[in-house]
$ cat work-v8.pdb   # PDB, C-alpha atoms, pLDDT in the B column
ATOM      1  CA  MET Y 222       8.051  28.352  17.903  1.00 51.00           C
ATOM      2  CA  ALA Y 223       4.379  28.115  18.808  1.00 66.00           C
ATOM      3  CA  LEU Y 224       1.749  28.194  16.099  1.00 72.00           C
ATOM      4  CA  ILE Y 225      -0.754  31.008  16.115  1.00 84.00           C
ATOM      5  CA  LEU Y 226      -4.439  30.222  15.684  1.00 85.00           C
ATOM      6  CA  ASP Y 227      -4.474  30.913  11.925  1.00 84.00           C
ATOM      7  CA  ASP Y 228      -1.496  28.598  11.380  1.00 85.00           C
ATOM      8  CA  LYS Y 229      -3.209  25.864  13.385  1.00 84.00           C
ATOM      9  CA  ARG Y 230      -6.360  26.224  11.285  1.00 88.00           C
ATOM     10  CA  ALA Y 231      -4.295  25.993   8.097  1.00 87.00           C
ATOM     11  CA  VAL Y 232      -2.574  22.807   9.302  1.00 86.00           C
ATOM     12  CA  VAL Y 233      -5.905  21.232  10.277  1.00 86.00           C
ATOM     13  CA  GLU Y 234      -7.461  22.137   6.908  1.00 89.00           C
ATOM     14  CA  GLU Y 235      -4.475  20.777   4.976  1.00 88.00           C
ATOM     15  CA  VAL Y 236      -4.385  17.460   6.843  1.00 86.00           C
ATOM     16  CA  ALA Y 237      -8.184  17.133   6.678  1.00 87.00           C
ATOM     17  CA  ALA Y 238      -8.127  17.633   2.889  1.00 88.00           C
ATOM     18  CA  ILE Y 239      -5.442  14.967   2.522  1.00 87.00           C
ATOM     19  CA  ALA Y 240      -7.265  12.567   4.884  1.00 85.00           C
ATOM     20  CA  ALA Y 241     -10.455  12.953   2.869  1.00 86.00           C
ATOM     21  CA  GLN Y 242      -8.647  11.732  -0.270  1.00 87.00           C
ATOM     22  CA  ALA Y 243      -6.343   9.112   1.265  1.00 86.00           C
ATOM     23  CA  HIS Y 244      -6.806   5.347   0.974  1.00 86.00           C
ATOM     24  CA  SER Y 245      -5.120   4.413   4.258  1.00 86.00           C
ATOM     25  CA  ALA Y 246      -3.186   5.985   7.130  1.00 88.00           C
ATOM     26  CA  VAL Y 247      -0.349   4.889   9.368  1.00 89.00           C
ATOM     27  CA  ALA Y 248       0.751   6.658  12.554  1.00 89.00           C
ATOM     28  CA  ALA Y 249       4.285   5.862  13.702  1.00 89.00           C
ATOM     29  CA  GLU Y 250       6.365   7.085  16.610  1.00 88.00           C
ATOM     30  CA  TYR Y 251       9.576   8.690  15.375  1.00 87.00           C
ATOM     31  CA  ARG Y 252      11.253   9.366  18.737  1.00 87.00           C
ATOM     32  CA  GLY Y 253      15.030   8.949  18.430  1.00 86.00           C
ATOM     33  CA  LEU Y 254      15.326   9.408  14.666  1.00 86.00           C
ATOM     34  CA  THR Y 255      17.825  11.988  13.487  1.00 88.00           C
ATOM     35  CA  VAL Y 256      16.982  14.871  11.180  1.00 90.00           C
ATOM     36  CA  THR Y 257      18.917  13.154   8.390  1.00 90.00           C
ATOM     37  CA  GLU Y 258      16.876   9.980   8.800  1.00 89.00           C
ATOM     38  CA  LEU Y 259      13.594  11.914   8.794  1.00 89.00           C
ATOM     39  CA  THR Y 260      14.699  13.782   5.677  1.00 90.00           C
ATOM     40  CA  GLU Y 261      15.450  10.460   4.001  1.00 90.00           C
ATOM     41  CA  LEU Y 262      11.991   9.198   5.015  1.00 88.00           C
ATOM     42  CA  ARG Y 263      10.314  12.319   3.626  1.00 89.00           C
ATOM     43  CA  LYS Y 264      12.232  12.037   0.344  1.00 92.00           C
ATOM     44  CA  THR Y 265      11.164   8.414  -0.076  1.00 89.00           C
ATOM     45  CA  ALA Y 266       7.577   9.382   0.775  1.00 88.00           C
ATOM     46  CA  ARG Y 267       7.495  12.040  -1.948  1.00 88.00           C
ATOM     47  CA  GLU Y 268       8.788   9.516  -4.489  1.00 88.00           C
ATOM     48  CA  THR Y 269       6.196   6.875  -3.580  1.00 85.00           C
ATOM     49  CA  GLY Y 270       3.074   9.057  -3.369  1.00 85.00           C
ATOM     50  CA  VAL Y 271       2.738   9.147   0.406  1.00 89.00           C
ATOM     51  CA  TYR Y 272       1.761  12.317   2.285  1.00 89.00           C
ATOM     52  CA  LEU Y 273       3.946  12.435   5.383  1.00 90.00           C
ATOM     53  CA  ARG Y 274       3.396  14.982   8.142  1.00 88.00           C
ATOM     54  CA  VAL Y 275       4.372  15.548  11.764  1.00 88.00           C
ATOM     55  CA  VAL Y 276       1.386  17.207  13.423  1.00 86.00           C
ATOM     56  CA  LYS Y 277       0.524  17.915  17.023  1.00 87.00           C
ATOM     57  CA  ASN Y 278      -1.857  15.261  18.254  1.00 83.00           C
ATOM     58  CA  THR Y 279      -4.665  17.685  19.102  1.00 86.00           C
ATOM     59  CA  LEU Y 280      -4.487  19.163  15.602  1.00 88.00           C
ATOM     60  CA  ALA Y 281      -4.338  15.685  14.064  1.00 86.00           C
ATOM     61  CA  ARG Y 282      -7.446  14.633  15.997  1.00 87.00           C
ATOM     62  CA  ARG Y 283      -9.324  17.662  14.700  1.00 87.00           C
ATOM     63  CA  ALA Y 284      -8.083  17.063  11.168  1.00 87.00           C
ATOM     64  CA  VAL Y 285      -9.220  13.426  10.981  1.00 84.00           C
ATOM     65  CA  ALA Y 286     -12.596  14.176  12.580  1.00 85.00           C
ATOM     66  CA  GLY Y 287     -15.319  13.637  10.004  1.00 82.00           C
ATOM     67  CA  THR Y 288     -13.137  11.448   7.762  1.00 84.00           C
ATOM     68  CA  GLU Y 289     -12.851   7.676   7.608  1.00 85.00           C
ATOM     69  CA  PHE Y 290      -9.740   7.979   9.784  1.00 84.00           C
ATOM     70  CA  GLU Y 291     -11.692   9.327  12.742  1.00 84.00           C
ATOM     71  CA  CYS Y 292     -11.343   5.858  14.257  1.00 84.00           C
ATOM     72  CA  MET Y 293      -7.625   6.417  14.893  1.00 84.00           C
ATOM     73  CA  GLN Y 294      -8.115   9.388  17.247  1.00 80.00           C
ATOM     74  CA  GLU Y 295      -7.600   7.253  20.367  1.00 83.00           C
ATOM     75  CA  GLY Y 296      -4.197   6.062  19.136  1.00 81.00           C
ATOM     76  CA  LEU Y 297      -2.799   9.527  18.460  1.00 84.00           C
ATOM     77  CA  VAL Y 298      -0.576   9.726  21.541  1.00 84.00           C
ATOM     78  CA  GLY Y 299       3.075  10.718  21.685  1.00 83.00           C
ATOM     79  CA  PRO Y 300       5.358  12.114  18.987  1.00 87.00           C
ATOM     80  CA  LEU Y 301       3.807  10.705  15.819  1.00 88.00           C
ATOM     81  CA  ILE Y 302       4.365  11.050  12.121  1.00 90.00           C
ATOM     82  CA  LEU Y 303       1.287  10.476   9.952  1.00 90.00           C
ATOM     83  CA  ALA Y 304       1.606   8.719   6.598  1.00 90.00           C
ATOM     84  CA  PHE Y 305      -1.413   8.943   4.284  1.00 90.00           C
ATOM     85  CA  SER Y 306      -1.422   6.650   1.227  1.00 87.00           C
ATOM     86  CA  MET Y 307      -2.533   8.664  -1.754  1.00 84.00           C
ATOM     87  CA  GLU Y 308      -1.938   6.285  -4.683  1.00 81.00           C
ATOM     88  CA  ASP Y 309      -2.839   2.836  -3.365  1.00 82.00           C
ATOM     89  CA  PRO Y 310      -3.793   1.514   0.083  1.00 81.00           C
ATOM     90  CA  GLY Y 311      -0.489  -0.216   0.744  1.00 83.00           C
ATOM     91  CA  CYS Y 312       2.082   2.423  -0.234  1.00 85.00           C
ATOM     92  CA  GLY Y 313       2.165   4.187   3.160  1.00 85.00           C
ATOM     93  CA  ALA Y 314       2.442   0.884   4.997  1.00 85.00           C
ATOM     94  CA  ARG Y 315       5.235  -0.244   2.649  1.00 87.00           C
ATOM     95  CA  LEU Y 316       7.099   3.008   3.267  1.00 87.00           C
ATOM     96  CA  ILE Y 317       6.896   2.748   7.059  1.00 87.00           C
ATOM     97  CA  SER Y 318       7.579  -0.991   7.048  1.00 87.00           C
ATOM     98  CA  ASP Y 319      10.646  -0.728   4.796  1.00 87.00           C
ATOM     99  CA  PHE Y 320      12.045   2.245   6.697  1.00 88.00           C
ATOM    100  CA  ALA Y 321      11.482   0.536  10.051  1.00 87.00           C
ATOM    101  CA  LYS Y 322      13.555  -2.451   8.891  1.00 86.00           C
ATOM    102  CA  GLU Y 323      16.626  -0.211   8.697  1.00 88.00           C
ATOM    103  CA  HIS Y 324      15.732   2.150  11.561  1.00 84.00           C
ATOM    104  CA  ASP Y 325      14.384   0.354  14.611  1.00 84.00           C
ATOM    105  CA  LYS Y 326      13.392   3.615  16.321  1.00 86.00           C
ATOM    106  CA  LEU Y 327      10.453   4.100  13.939  1.00 85.00           C
ATOM    107  CA  ILE Y 328       7.641   2.237  15.701  1.00 85.00           C
ATOM    108  CA  THR Y 329       4.200   1.807  14.175  1.00 85.00           C
ATOM    109  CA  LYS Y 330       1.372   2.687  16.551  1.00 86.00           C
ATOM    110  CA  VAL Y 331      -1.854   2.795  14.523  1.00 85.00           C
ATOM    111  CA  VAL Y 332      -2.942   1.529  11.103  1.00 86.00           C
ATOM    112  CA  ALA Y 333      -6.288   2.619   9.610  1.00 86.00           C
ATOM    113  CA  ILE Y 334      -7.992   1.643   6.381  1.00 84.00           C
ATOM    114  CA  GLY Y 335     -11.616   1.762   5.324  1.00 80.00           C
ATOM    115  CA  GLY Y 336     -12.851   3.329   8.549  1.00 79.00           C
ATOM    116  CA  GLN Y 337     -11.343   0.560  10.683  1.00 81.00           C
ATOM    117  CA  VAL Y 338      -8.391   0.933  13.027  1.00 83.00           C
ATOM    118  CA  TYR Y 339      -5.940  -1.940  13.315  1.00 81.00           C
ATOM    119  CA  ASP Y 340      -3.084  -2.822  15.596  1.00 77.00           C
ATOM    120  CA  ALA Y 341       0.486  -2.176  14.506  1.00 78.00           C
ATOM    121  CA  SER Y 342       0.903  -5.900  13.839  1.00 77.00           C
ATOM    122  CA  GLU Y 343      -1.410  -5.538  10.811  1.00 76.00           C
ATOM    123  CA  LEU Y 344       1.109  -3.270   9.069  1.00 76.00           C
ATOM    124  CA  LYS Y 345       2.717  -6.227   7.264  1.00 77.00           C
ATOM    125  CA  LYS Y 346      -0.636  -7.312   5.810  1.00 75.00           C
ATOM    126  CA  LEU Y 347      -1.369  -3.822   4.534  1.00 76.00           C
ATOM    127  CA  ALA Y 348       2.164  -3.464   3.165  1.00 75.00           C
ATOM    128  CA  SER Y 349       1.797  -6.733   1.251  1.00 73.00           C
ATOM    129  CA  LEU Y 350      -1.236  -5.508  -0.700  1.00 75.00           C
ATOM    130  CA  PRO Y 351      -0.454  -5.225  -4.419  1.00 76.00           C
ATOM    131  CA  ASN Y 352      -0.083  -1.797  -5.949  1.00 76.00           C
ATOM    132  CA  ARG Y 353      -2.278  -0.724  -8.868  1.00 76.00           C
ATOM    133  CA  ASP Y 354      -0.037  -2.155 -11.599  1.00 79.00           C
ATOM    134  CA  GLN Y 355       0.363  -5.483  -9.812  1.00 77.00           C
ATOM    135  CA  ALA Y 356      -3.398  -5.739  -9.228  1.00 78.00           C
ATOM    136  CA  LEU Y 357      -4.126  -5.009 -12.899  1.00 82.00           C
ATOM    137  CA  GLY Y 358      -1.581  -7.654 -13.916  1.00 84.00           C
ATOM    138  CA  MET Y 359      -3.228 -10.216 -11.647  1.00 81.00           C
ATOM    139  CA  LEU Y 360      -6.660  -9.317 -13.045  1.00 83.00           C
ATOM    140  CA  MET Y 361      -5.455  -9.624 -16.637  1.00 86.00           C
ATOM    141  CA  SER Y 362      -3.892 -13.028 -15.986  1.00 83.00           C
ATOM    142  CA  VAL Y 363      -7.161 -14.258 -14.482  1.00 84.00           C
ATOM    143  CA  MET Y 364      -9.133 -12.904 -17.425  1.00 85.00           C
ATOM    144  CA  LYS Y 365      -6.696 -14.346 -19.957  1.00 83.00           C
ATOM    145  CA  ALA Y 366      -6.587 -17.887 -18.516  1.00 81.00           C
ATOM    146  CA  PRO Y 367     -10.015 -19.132 -19.748  1.00 83.00           C
ATOM    147  CA  VAL Y 368      -9.348 -17.869 -23.272  1.00 82.00           C
ATOM    148  CA  GLU Y 369      -5.950 -19.574 -23.390  1.00 83.00           C
ATOM    149  CA  LYS Y 370      -7.447 -22.827 -22.132  1.00 84.00           C
ATOM    150  CA  PHE Y 371     -10.232 -22.624 -24.734  1.00 80.00           C
ATOM    151  CA  VAL Y 372      -7.714 -22.111 -27.560  1.00 81.00           C
ATOM    152  CA  ARG Y 373      -5.601 -25.047 -26.323  1.00 83.00           C
ATOM    153  CA  THR Y 374      -8.718 -27.229 -26.180  1.00 85.00           C
ATOM    154  CA  LEU Y 375      -9.654 -26.309 -29.761  1.00 83.00           C
ATOM    155  CA  ALA Y 376      -6.125 -27.006 -31.013  1.00 82.00           C
ATOM    156  CA  GLU Y 377      -5.688 -30.323 -29.187  1.00 84.00           C
ATOM    157  CA  PRO Y 378      -7.608 -32.639 -31.614  1.00 84.00           C
ATOM    158  CA  ASN Y 379      -5.508 -31.409 -34.552  1.00 84.00           C
ATOM    159  CA  ALA Y 380      -2.289 -31.737 -32.577  1.00 82.00           C
ATOM    160  CA  LYS Y 381      -3.273 -35.258 -31.471  1.00 85.00           C
ATOM    161  CA  MET Y 382      -3.991 -36.257 -35.058  1.00 85.00           C
ATOM    162  CA  VAL Y 383      -0.594 -34.949 -36.211  1.00 86.00           C
ATOM    163  CA  ARG Y 384       1.166 -36.860 -33.402  1.00 88.00           C
ATOM    164  CA  THR Y 385      -0.729 -40.043 -34.331  1.00 90.00           C
ATOM    165  CA  ILE Y 386       0.191 -39.748 -38.017  1.00 91.00           C
ATOM    166  CA  ALA Y 387       3.821 -39.062 -37.088  1.00 90.00           C
ATOM    167  CA  ALA Y 388       3.833 -42.174 -34.846  1.00 89.00           C
ATOM    168  CA  ILE Y 389       2.379 -44.320 -37.658  1.00 91.00           C
ATOM    169  CA  LYS Y 390       4.983 -42.942 -40.073  1.00 89.00           C
ATOM    170  CA  ASP Y 391       7.805 -43.715 -37.631  1.00 89.00           C
ATOM    171  CA  GLN Y 392       6.369 -47.219 -37.097  1.00 89.00           C
ATOM    172  CA  LYS Y 393       6.207 -47.952 -40.854  1.00 87.00           C
ATOM    173  CA  GLU Y 394       9.742 -46.640 -41.390  1.00 88.00           C
ATOM    174  CA  ALA Y 395      11.038 -48.865 -38.612  1.00 84.00           C
ATOM    175  CA  ALA Y 396       9.369 -51.958 -40.098  1.00 72.00           C
TER
END
$ encode --input "work-v8.pdb" --output "structure tokens"
Amino acid sequence: MALILDDKRAVVEEVAAIAAQAHSAVAAEYRGLTVTELTELRKTARETGVYLRVVKNTLARRAVAGTEFECMQEGLVGPLILAFSMEDPGCGARLISDFAKEHDKLITKVVAIGGQVYDASELKKLASLPNRDQALGMLMSVMKAPVEKFVRTLAEPNAKMVRTIAAIKDQKEAA
């Protein structure tokens, strides 16, 4: 069923609003996937905070115009599904990457982040980015390390003295 002009405008506005808020975008060709497989992909996307949408390429080009994903307009060719990462930059790439491991018919075409378009081979790098909780954990461990080292340094003279006294005690008991 063909979309009328008002429906097309609504789709463009919806995708443009999502693209304006998204951290990264991945365009993947879904040719050959069954309806069941696409439903499974959509369900996983909802659970992981990824906006997933099949849009006609001309409408997608209009929707990303004026956003940081305008750079991916050249790569929007063929039957594509767009995945916009809403929570962290790597969640859309992780979704597509994990799903493509099980379903070889899902082929990544374009990856975009920060106004730069990348080849499909960069999907693994984007997917390996830590999520928010992992990044906060890494930051906290880096911030905590100097304090821990300082406390160990302050405690070391006392611990060394106790070990020395214990060694002298053991030596006198042995003699």
$ atom_distance --input "work-v8.pdb" --atom1 "atom CA of Gly253 of chain Y" --atom2 "atom CA of Val331 of chain Y"
18.4 Å
$ atom_distance --input "work-v8.pdb" --atom1 "atom CA of Ala388 of chain Y" --atom2 "atom CA of Phe371 of chain Y"
26.1 Å
$ resolve_selection --input "work-v8.pdb" --expression "the PyMOL selection byres ((chain Y and resi 351-356) around 10)" --output "PDB file with C-alpha atoms, in the frame of the given file"
ATOM      1  CA  GLU Y 308      -1.938   6.285  -4.683  1.00 81.00           C
ATOM      2  CA  ASP Y 309      -2.839   2.836  -3.365  1.00 82.00           C
ATOM      3  CA  PRO Y 310      -3.793   1.514   0.083  1.00 81.00           C
ATOM      4  CA  GLY Y 311      -0.489  -0.216   0.744  1.00 83.00           C
ATOM      5  CA  CYS Y 312       2.082   2.423  -0.234  1.00 85.00           C
ATOM      6  CA  LEU Y 347      -1.369  -3.822   4.534  1.00 76.00           C
ATOM      7  CA  ALA Y 348       2.164  -3.464   3.165  1.00 75.00           C
ATOM      8  CA  SER Y 349       1.797  -6.733   1.251  1.00 73.00           C
ATOM      9  CA  LEU Y 350      -1.236  -5.508  -0.700  1.00 75.00           C
ATOM     10  CA  LEU Y 357      -4.126  -5.009 -12.899  1.00 82.00           C
ATOM     11  CA  GLY Y 358      -1.581  -7.654 -13.916  1.00 84.00           C
ATOM     12  CA  MET Y 359      -3.228 -10.216 -11.647  1.00 81.00           C
ATOM     13  CA  LEU Y 360      -6.660  -9.317 -13.045  1.00 83.00           C
ATOM     14  CA  MET Y 361      -5.455  -9.624 -16.637  1.00 86.00           C
ATOM     15  CA  SER Y 362      -3.892 -13.028 -15.986  1.00 83.00           C
TER      16      SER Y 362
END
$ resolve_selection --input "work-v8.pdb" --expression "the PyMOL selection byres ((chain Y and resi 322-326) around 9)" --output "PyMOL selection string"
chain Y and resi 250-254+258+317-321+327-328
$ write_last_selection --input "work-v8.pdb" --atoms "C-alpha atoms" --output "PDB file, in the coordinates of the input"
ATOM      1  CA  GLU Y 250       6.365   7.085  16.610  1.00 88.00           C
ATOM      2  CA  TYR Y 251       9.576   8.690  15.375  1.00 87.00           C
ATOM      3  CA  ARG Y 252      11.253   9.366  18.737  1.00 87.00           C
ATOM      4  CA  GLY Y 253      15.030   8.949  18.430  1.00 86.00           C
ATOM      5  CA  LEU Y 254      15.326   9.408  14.666  1.00 86.00           C
ATOM      6  CA  GLU Y 258      16.876   9.980   8.800  1.00 89.00           C
ATOM      7  CA  ILE Y 317       6.896   2.748   7.059  1.00 87.00           C
ATOM      8  CA  SER Y 318       7.579  -0.991   7.048  1.00 87.00           C
ATOM      9  CA  ASP Y 319      10.646  -0.728   4.796  1.00 87.00           C
ATOM     10  CA  PHE Y 320      12.045   2.245   6.697  1.00 88.00           C
ATOM     11  CA  ALA Y 321      11.482   0.536  10.051  1.00 87.00           C
ATOM     12  CA  LEU Y 327      10.453   4.100  13.939  1.00 85.00           C
ATOM     13  CA  ILE Y 328       7.641   2.237  15.701  1.00 85.00           C
TER      14      ILE Y 328
END
$ closest_residue --input "work-v8.pdb" --among "Y:Leu303, Y:Val383, Y:Ala395, Y:Ala248" --to "Tyr339 of chain Y" --atoms "all atoms listed in the file"
Y:Ala248
$ axis_aligned_box --input "work-v8.pdb" --around "segment 238-244 of chain Y" --padding-each-side "4 Å" --output "AutoDock Vina command-line options"
--center_x -7.9 --center_y 11.5 --center_z 2.3 --size_x 13.0 --size_y 20.3 --size_z 13.2
$ closest_residue --input "work-v8.pdb" --among "Y:Val363, Y:Ala246, Y:Ala241, Y:Val275" --to "Gln337 of chain Y" --atoms "only C-alpha atoms"
Y:Ala246
$ residues_near_point --input "work-v8.pdb" --point "(-10.6, 18.7, 15.0)" --cutoff "12 Å" --atoms "all atoms listed in the file" --output "ChimeraX atom specification"
/Y:229-237,277-288,290-291,294
$ write_last_selection --input "work-v8.pdb" --atoms "C-alpha atoms" --output "CSV table (one decimal), in the frame of the given file"
chain,number,residue,atom,x,y,z
Y,229,LYS,CA,-3.2,25.9,13.4
Y,230,ARG,CA,-6.4,26.2,11.3
Y,231,ALA,CA,-4.3,26.0,8.1
Y,232,VAL,CA,-2.6,22.8,9.3
Y,233,VAL,CA,-5.9,21.2,10.3
Y,234,GLU,CA,-7.5,22.1,6.9
Y,235,GLU,CA,-4.5,20.8,5.0
Y,236,VAL,CA,-4.4,17.5,6.8
Y,237,ALA,CA,-8.2,17.1,6.7
Y,277,LYS,CA,0.5,17.9,17.0
Y,278,ASN,CA,-1.9,15.3,18.3
Y,279,THR,CA,-4.7,17.7,19.1
Y,280,LEU,CA,-4.5,19.2,15.6
Y,281,ALA,CA,-4.3,15.7,14.1
Y,282,ARG,CA,-7.4,14.6,16.0
Y,283,ARG,CA,-9.3,17.7,14.7
Y,284,ALA,CA,-8.1,17.1,11.2
Y,285,VAL,CA,-9.2,13.4,11.0
Y,286,ALA,CA,-12.6,14.2,12.6
Y,287,GLY,CA,-15.3,13.6,10.0
Y,288,THR,CA,-13.1,11.4,7.8
Y,290,PHE,CA,-9.7,8.0,9.8
Y,291,GLU,CA,-11.7,9.3,12.7
Y,294,GLN,CA,-8.1,9.4,17.2
$ atom_distance --input "work-v8.pdb" --atom1 "atom CA of Ala380 of chain Y" --atom2 "atom CA of Lys393 of chain Y"
20.1 Å
$ closest_residue --input "work-v8.pdb" --among "Y:Met293, Y:Ile389, Y:Met307, Y:Leu262" --to "Ala341 of chain Y" --atoms "only C-alpha atoms"
Y:Met293
$ resolve_selection --input "work-v8.pdb" --expression "the PyMOL selection byres ((chain Y and resi 301) around 6)" --output "short mmCIF file (atom, residue, chain, number, x, y, z; two decimals) with C-alpha atoms, in the frame of the given file"
data_model
loop_
_atom_site.label_atom_id
_atom_site.label_comp_id
_atom_site.auth_asym_id
_atom_site.auth_seq_id
_atom_site.Cartn_x
_atom_site.Cartn_y
_atom_site.Cartn_z
CA ALA Y 249 4.28 5.86 13.70
CA GLU Y 250 6.36 7.08 16.61
CA GLY Y 299 3.08 10.72 21.68
CA PRO Y 300 5.36 12.11 18.99
CA ILE Y 302 4.36 11.05 12.12
#
